[in-house]
Amino acid sequence: MSVENFTDPEKWALQQWGDVDLGDSRRTNRAVEVGSALAQNPGASLPAQMESWNQLKAAYRLLGEENVTHTALSQPHWQSTLCEAKQSGAPVVLFIQDTTELDYTAKKRTSGLGHIGNGKGQGIMLHTCLAIVPKPLNPDILGIARQLPWIRPEITKAEKRALKQSENPPDSTIEHTEGDIWGDIIESIGVAAAPTTQQTWVSVGDRGSDIFSYLRRSLKLGWQCLIRVKHNRVITTPDNDKAHLKQFARSLSPMAQKTIVLRGRDGEQSRQVDLEIAWEAITIKPPTSGPERKELPISGWCIRCWEVPDDDSSEGLEWILFTTVPVTDATVAKEQLDWYATRWVIEEYHKCLKSGCAIEQRQLETGDGLLRLLGFLAIVAVRLLQLRTASRMDGAADARQFVPNYMLKVLCARLGLFKEQLSLSEFWKSVARLGGFIGRKSDGSPGWQTLWRGWARLQDMCWAAQLAAQQF
C-alpha cells in the first residue's frame, strides 16, 4: 500500500467510495466526504469526525437512507481486493475467514439488533474474509474480499430458556448458521483464480470452519482449504483402513521440526516454541446424517504439529490441520503451518475495527444505521492495519521519495532530530515515537496502534504548521 494513501485521505476515500451505486450521485459524493472524515480520525465520535453541524446532519441523513447499504458501500472495495489479488503475481493468496460479535448490549436505545453470546446481550454478528499475500513476519494485506454481517431475529421465551440452559447457544433461530456462512462467503466471491494463472487461492479458517459442506462447496469452485480440525471425523487412511482423524494424527511419528514465535494473548509475552511435525494423506468420510450424508468423501492431508512439554503436568501447543493442498515434503508442511499462523491478521483486524474505529461505541438509533456505518468503518479498519505493512516496506529507502518534505521537517523539529534525510524505516519509527513507542532493542517493530496514534499527531502538527505559514 502506498504511503500516499495515508498522506492524502481524500484521495484514498475517493478510491474506496467514488464508484459506489447509492441511487444518486449526490449520495456517492457524500459517501466520499464521510469516508474521508472517518479515515482521518477513526476512533472519534461522529460529531468530532464531521466537525460541523451541517456535515453531521448530512452524515446522519446518509446513514438513514434505505439505498445506502453495507453491501453497496463495500462492493467497490471487495472488487478492488480481488483484482489486486489476481494481479499481485503471488503464487498463493490466503483468504482468512473468521466471525466476531459486535456488542451493543449497553446501547439500550438502539433498536433492531439481535441476540449475541448467551442470549442476554444484543448486537450484530460479523463474518469477514481478508485477502493477504503470505510473507515472513509481514504479510501483505490486500483488503476485504467479502464481509457478511447479520442480525439474529428475536427469539421466543422457550428459546431463551434453552439458551440459559446451554453453554453453546443453538443457532437454529438465525437465517444463516456459522456453518453456512463459511460456504456463503466462498460462493459470494465465486470461482477461484484459474489454474492457468499459476495462482492458488486458499481459504484459511479456525476450528469453526471444520464443516463438511464448506469444504465441499469450496472445492467445487476451485478453491483450496486449510482448516484447524475440531471434529474427530471418520477417515480412510492410505492403507484403506477406517480410523478417526484426531487419533490417527496423534499416532503419526515426528517427521520434521520447526521453531515458531507464538504471539502472546491477554497481556502475555510472545514465546518461542519448538514443534514436532507429522503429516499423512487421508480421506474424510461425509457425515452419517443430514443433507451431506450422500456426498462423496473429501481427500486431503492431515498435518499435526505439537510442542513437547517440559514436564508431564504442562500442556504444550498442538495444531491438527486438514488441508486440500498436497503435502509432498517437510518444506510444504512447514509452509502450510506458516499459512495457518497468519490467522493472527484477522484477529488484529477485529481489534482495529473495535478499538481503532470504536465500532461498538457508536450511538446510532437502529441496527440498520450501524450496518451502514460498518460499510465505512470496516474499510477504514483495513487502512489502519495496512499502516503497519507500509511502515515495514523498503526500510532502507530515502523517506523523501515517499513522504512530503514538509512532513519530514515537522517530524524532525518535533523530535529534535539533527537530520531530515531519514530512511523510510527511521521515519516510521519516529512516527511511532509520537504514539508512545520507546524503541528499545527488545521492543521489536511498532504495531498499528502506536503507529496510528503517532500518525494522527503528526497530521495535526502538519496541519497547524501549514495554517500558520499561510497566516503569516
# chains A, B, ... in the order shown; residues from 1 in each chain; ligands from 1

call {"tool": "residues_around", "arguments": {"residues": "A:Tyr60", "least_positions_apart": "4", "cutoff": "12 Å", "atoms": "only C-alpha atoms", "output": "number ranges by chain"}}
result
A: 27, 30-31, 34, 46-47, 50, 53-56, 64-65, 68, 363-366, 369-370, 372-373

call {"tool": "residues_around", "arguments": {"residues": "A:Asp239", "least_positions_apart": "6", "cutoff": "12 Å", "atoms": "only C-alpha atoms", "output": "PDB file with C-alpha atoms, in the first residue's frame"}}
result
ATOM      1  CA  GLU A 280      -0.219 -38.019   6.032  1.00  0.00           C
ATOM      2  CA  ALA A 281      -2.780 -38.283   3.247  1.00  0.00           C
ATOM      3  CA  ILE A 282      -6.333 -39.084   4.404  1.00  0.00           C
ATOM      4  CA  THR A 283      -9.881 -39.172   3.068  1.00  0.00           C
TER       5      THR A 283
END

call {"tool": "residues_around", "arguments": {"residues": "A:Gly18", "least_positions_apart": "3", "cutoff": "8 Å", "atoms": "only C-alpha atoms", "output": "list in words"}}
result
Ala13, Leu14, Gln15, Thr28, Asn29, Ala31 and Val32 of chain A

call {"tool": "write_last_selection", "arguments": {"atoms": "N, CA and C atoms", "output": "PDB file, in the first residue's frame"}}
result
ATOM      1  N   ALA A  13     -10.221   8.007   0.063  1.00  0.00           N
ATOM      2  CA  ALA A  13     -11.670   7.837   0.174  1.00  0.00           C
ATOM      3  C   ALA A  13     -12.335   7.808  -1.199  1.00  0.00           C
ATOM      4  N   LEU A  14     -11.827   8.602  -2.129  1.00  0.00           N
ATOM      5  CA  LEU A  14     -12.365   8.597  -3.487  1.00  0.00           C
ATOM      6  C   LEU A  14     -12.151   7.234  -4.146  1.00  0.00           C
ATOM      7  N   GLN A  15     -11.015   6.599  -3.865  1.00  0.00           N
ATOM      8  CA  GLN A  15     -10.750   5.264  -4.404  1.00  0.00           C
ATOM      9  C   GLN A  15     -11.710   4.229  -3.824  1.00  0.00           C
ATOM     10  N   THR A  28     -23.329   9.477  -3.454  1.00  0.00           N
ATOM     11  CA  THR A  28     -21.965   8.991  -3.681  1.00  0.00           C
ATOM     12  C   THR A  28     -20.947  10.035  -3.247  1.00  0.00           C
ATOM     13  N   ASN A  29     -21.167  11.275  -3.623  1.00  0.00           N
ATOM     14  CA  ASN A  29     -20.250  12.351  -3.218  1.00  0.00           C
ATOM     15  C   ASN A  29     -20.210  12.491  -1.701  1.00  0.00           C
ATOM     16  N   ALA A  31     -20.829  10.109   0.430  1.00  0.00           N
ATOM     17  CA  ALA A  31     -20.146   8.933   0.968  1.00  0.00           C
ATOM     18  C   ALA A  31     -18.632   9.140   0.951  1.00  0.00           C
ATOM     19  N   VAL A  32     -18.109   9.736  -0.100  1.00  0.00           N
ATOM     20  CA  VAL A  32     -16.667  10.011  -0.177  1.00  0.00           C
ATOM     21  C   VAL A  32     -16.266  10.987   0.925  1.00  0.00           C
TER      22      VAL A  32
END

call {"tool": "atom_distance", "arguments": {"atom1": "atom CA of A:Pro134", "atom2": "atom CA of A:Gln199"}}
result
12.9 Å

call {"tool": "atom_distance", "arguments": {"atom1": "atom CA of A:Val431", "atom2": "atom CA of A:Lys354"}}
result
22.7 Å

call {"tool": "residues_around", "arguments": {"residues": "stretch 210-223 of chain A", "least_positions_apart": "3", "cutoff": "8 Å", "atoms": "only C-alpha atoms", "output": "PyMOL selection string"}}
result
chain A and resi 179-180+182-183+186-187+190-194+200-203+206-207+227-231+286-287+292+298

call {"tool": "write_last_selection", "arguments": {"atoms": "N, CA and C atoms", "output": "mmCIF file, in the first residue's frame"}}
result
data_model
loop_
_atom_site.group_PDB
_atom_site.id
_atom_site.type_symbol
_atom_site.label_atom_id
_atom_site.label_comp_id
_atom_site.auth_asym_id
_atom_site.auth_seq_id
_atom_site.Cartn_x
_atom_site.Cartn_y
_atom_site.Cartn_z
ATOM 1 N N GLY A 179 -21.945 -22.302 10.161
ATOM 2 C CA GLY A 179 -21.518 -23.274 9.164
ATOM 3 C C GLY A 179 -21.884 -22.850 7.752
ATOM 4 N N ASP A 180 -23.080 -22.282 7.578
ATOM 5 C CA ASP A 180 -23.492 -21.798 6.264
ATOM 6 C C ASP A 180 -22.647 -20.605 5.820
ATOM 7 N N TRP A 182 -19.509 -19.826 6.232
ATOM 8 C CA TRP A 182 -18.204 -20.121 5.635
ATOM 9 C C TRP A 182 -18.332 -20.421 4.150
ATOM 10 N N GLY A 183 -19.286 -21.262 3.802
ATOM 11 C CA GLY A 183 -19.502 -21.564 2.396
ATOM 12 C C GLY A 183 -20.131 -20.411 1.639
ATOM 13 N N ILE A 186 -17.432 -18.036 0.336
ATOM 14 C CA ILE A 186 -16.733 -18.535 -0.839
ATOM 15 C C ILE A 186 -17.603 -18.412 -2.085
ATOM 16 N N GLU A 187 -18.864 -18.797 -1.971
ATOM 17 C CA GLU A 187 -19.751 -18.733 -3.131
ATOM 18 C C GLU A 187 -20.034 -17.297 -3.555
ATOM 19 N N GLY A 190 -16.952 -16.350 -5.547
ATOM 20 C CA GLY A 190 -17.025 -17.022 -6.835
ATOM 21 C C GLY A 190 -15.855 -17.956 -7.080
ATOM 22 N N VAL A 191 -15.659 -18.280 -8.340
ATOM 23 C CA VAL A 191 -14.629 -19.242 -8.747
ATOM 24 C C VAL A 191 -13.252 -18.693 -8.405
ATOM 25 N N ALA A 192 -12.388 -19.584 -7.908
ATOM 26 C CA ALA A 192 -11.022 -19.187 -7.556
ATOM 27 C C ALA A 192 -10.224 -18.868 -8.820
ATOM 28 N N ALA A 193 -9.058 -18.287 -8.626
ATOM 29 C CA ALA A 193 -8.184 -17.979 -9.751
ATOM 30 C C ALA A 193 -7.958 -19.230 -10.593
ATOM 31 N N ALA A 194 -8.018 -19.082 -11.889
ATOM 32 C CA ALA A 194 -7.874 -20.226 -12.791
ATOM 33 C C ALA A 194 -6.476 -20.823 -12.671
ATOM 34 N N THR A 200 -2.774 -19.958 -6.600
ATOM 35 C CA THR A 200 -3.656 -20.781 -5.781
ATOM 36 C C THR A 200 -4.332 -19.914 -4.730
ATOM 37 N N TRP A 201 -5.655 -20.038 -4.621
ATOM 38 C CA TRP A 201 -6.395 -19.341 -3.581
ATOM 39 C C TRP A 201 -6.742 -20.354 -2.482
ATOM 40 N N VAL A 202 -6.329 -20.022 -1.261
ATOM 41 C CA VAL A 202 -6.534 -20.924 -0.129
ATOM 42 C C VAL A 202 -7.405 -20.228 0.910
ATOM 43 N N SER A 203 -8.521 -20.845 1.259
ATOM 44 C CA SER A 203 -9.382 -20.338 2.326
ATOM 45 C C SER A 203 -8.904 -20.926 3.651
ATOM 46 N N ASP A 206 -10.290 -21.290 11.343
ATOM 47 C CA ASP A 206 -10.020 -21.943 12.619
ATOM 48 C C ASP A 206 -10.968 -23.125 12.790
ATOM 49 N N ARG A 207 -11.141 -23.597 14.035
ATOM 50 C CA ARG A 207 -11.954 -24.787 14.264
ATOM 51 C C ARG A 207 -13.422 -24.595 13.885
ATOM 52 N N ILE A 227 -7.796 -25.820 7.247
ATOM 53 C CA ILE A 227 -8.611 -25.591 8.435
ATOM 54 C C ILE A 227 -7.990 -26.287 9.639
ATOM 55 N N ARG A 228 -8.330 -25.787 10.805
ATOM 56 C CA ARG A 228 -7.950 -26.470 12.028
ATOM 57 C C ARG A 228 -9.072 -27.436 12.410
ATOM 58 N N VAL A 229 -8.696 -28.657 12.752
ATOM 59 C CA VAL A 229 -9.671 -29.715 12.990
ATOM 60 C C VAL A 229 -10.362 -29.522 14.335
ATOM 61 N N LYS A 230 -11.675 -29.626 14.314
ATOM 62 C CA LYS A 230 -12.480 -29.600 15.535
ATOM 63 C C LYS A 230 -13.112 -30.965 15.803
ATOM 64 N N HIS A 231 -13.642 -31.591 14.762
ATOM 65 C CA HIS A 231 -14.381 -32.844 14.903
ATOM 66 C C HIS A 231 -13.470 -34.049 14.652
ATOM 67 N N PRO A 286 -18.123 -38.433 4.594
ATOM 68 C CA PRO A 286 -19.214 -37.477 4.848
ATOM 69 C C PRO A 286 -19.936 -37.836 6.138
ATOM 70 N N PRO A 287 -20.687 -36.889 6.704
ATOM 71 C CA PRO A 287 -21.466 -37.182 7.914
ATOM 72 C C PRO A 287 -22.452 -38.324 7.673
ATOM 73 N N GLU A 292 -25.629 -33.789 3.991
ATOM 74 C CA GLU A 292 -24.342 -34.113 3.377
ATOM 75 C C GLU A 292 -24.044 -35.613 3.362
ATOM 76 N N ILE A 298 -14.027 -36.552 0.888
ATOM 77 C CA ILE A 298 -13.098 -35.481 0.504
ATOM 78 C C ILE A 298 -11.675 -35.920 0.832
#

call {"tool": "select_by_dssp", "arguments": {"residues": "stretch 22-244 of chain A", "states": "helix (DSSP H, G or I)", "output": "PyMOL selection string"}}
result
chain A and resi 25-40+46-50+53-63+70-87+157-164+178-189+195-197+207-209+212-220

call {"tool": "atom_distance", "arguments": {"atom1": "atom CA of A:Asp103", "atom2": "atom CA of A:Gln16"}}
result
26.4 Å

call {"tool": "closest_residue", "arguments": {"among": "A:Gln257, A:Gln147, A:Gln49, A:Ser36", "to": "A:Asp98", "atoms": "only C-alpha atoms"}}
result
A:Gln147

call {"tool": "residues_around", "arguments": {"residues": "A:Leu408", "least_positions_apart": "5", "cutoff": "9 Å", "atoms": "only C-alpha atoms", "output": "number ranges by chain"}}
result
A: 399-400, 403, 413, 420-422, 427

call {"tool": "residues_around", "arguments": {"residues": "A:Gly121", "least_positions_apart": "2", "cutoff": "9 Å", "atoms": "only C-alpha atoms", "output": "ChimeraX atom specification"}}
result
/A:103-106,114-119,123

call {"tool": "select_by_dssp", "arguments": {"residues": "stretch 200-399 of chain A", "states": "strand (DSSP E or B)", "output": "ChimeraX atom specification"}}
result
/A:200-205,224-228,234-236,242-244,256-262,271-284,298-307,318-323,366,398

call {"tool": "residues_around", "arguments": {"residues": "stretch 320-326 of chain A", "least_positions_apart": "3", "cutoff": "8 Å", "atoms": "only C-alpha atoms", "output": "count of residues only"}}
result
15

call {"tool": "closest_residue", "arguments": {"among": "A:Leu411, A:Glu101, A:Arg146, A:Thr110", "to": "A:Ser80", "atoms": "only C-alpha atoms"}}
result
A:Arg146
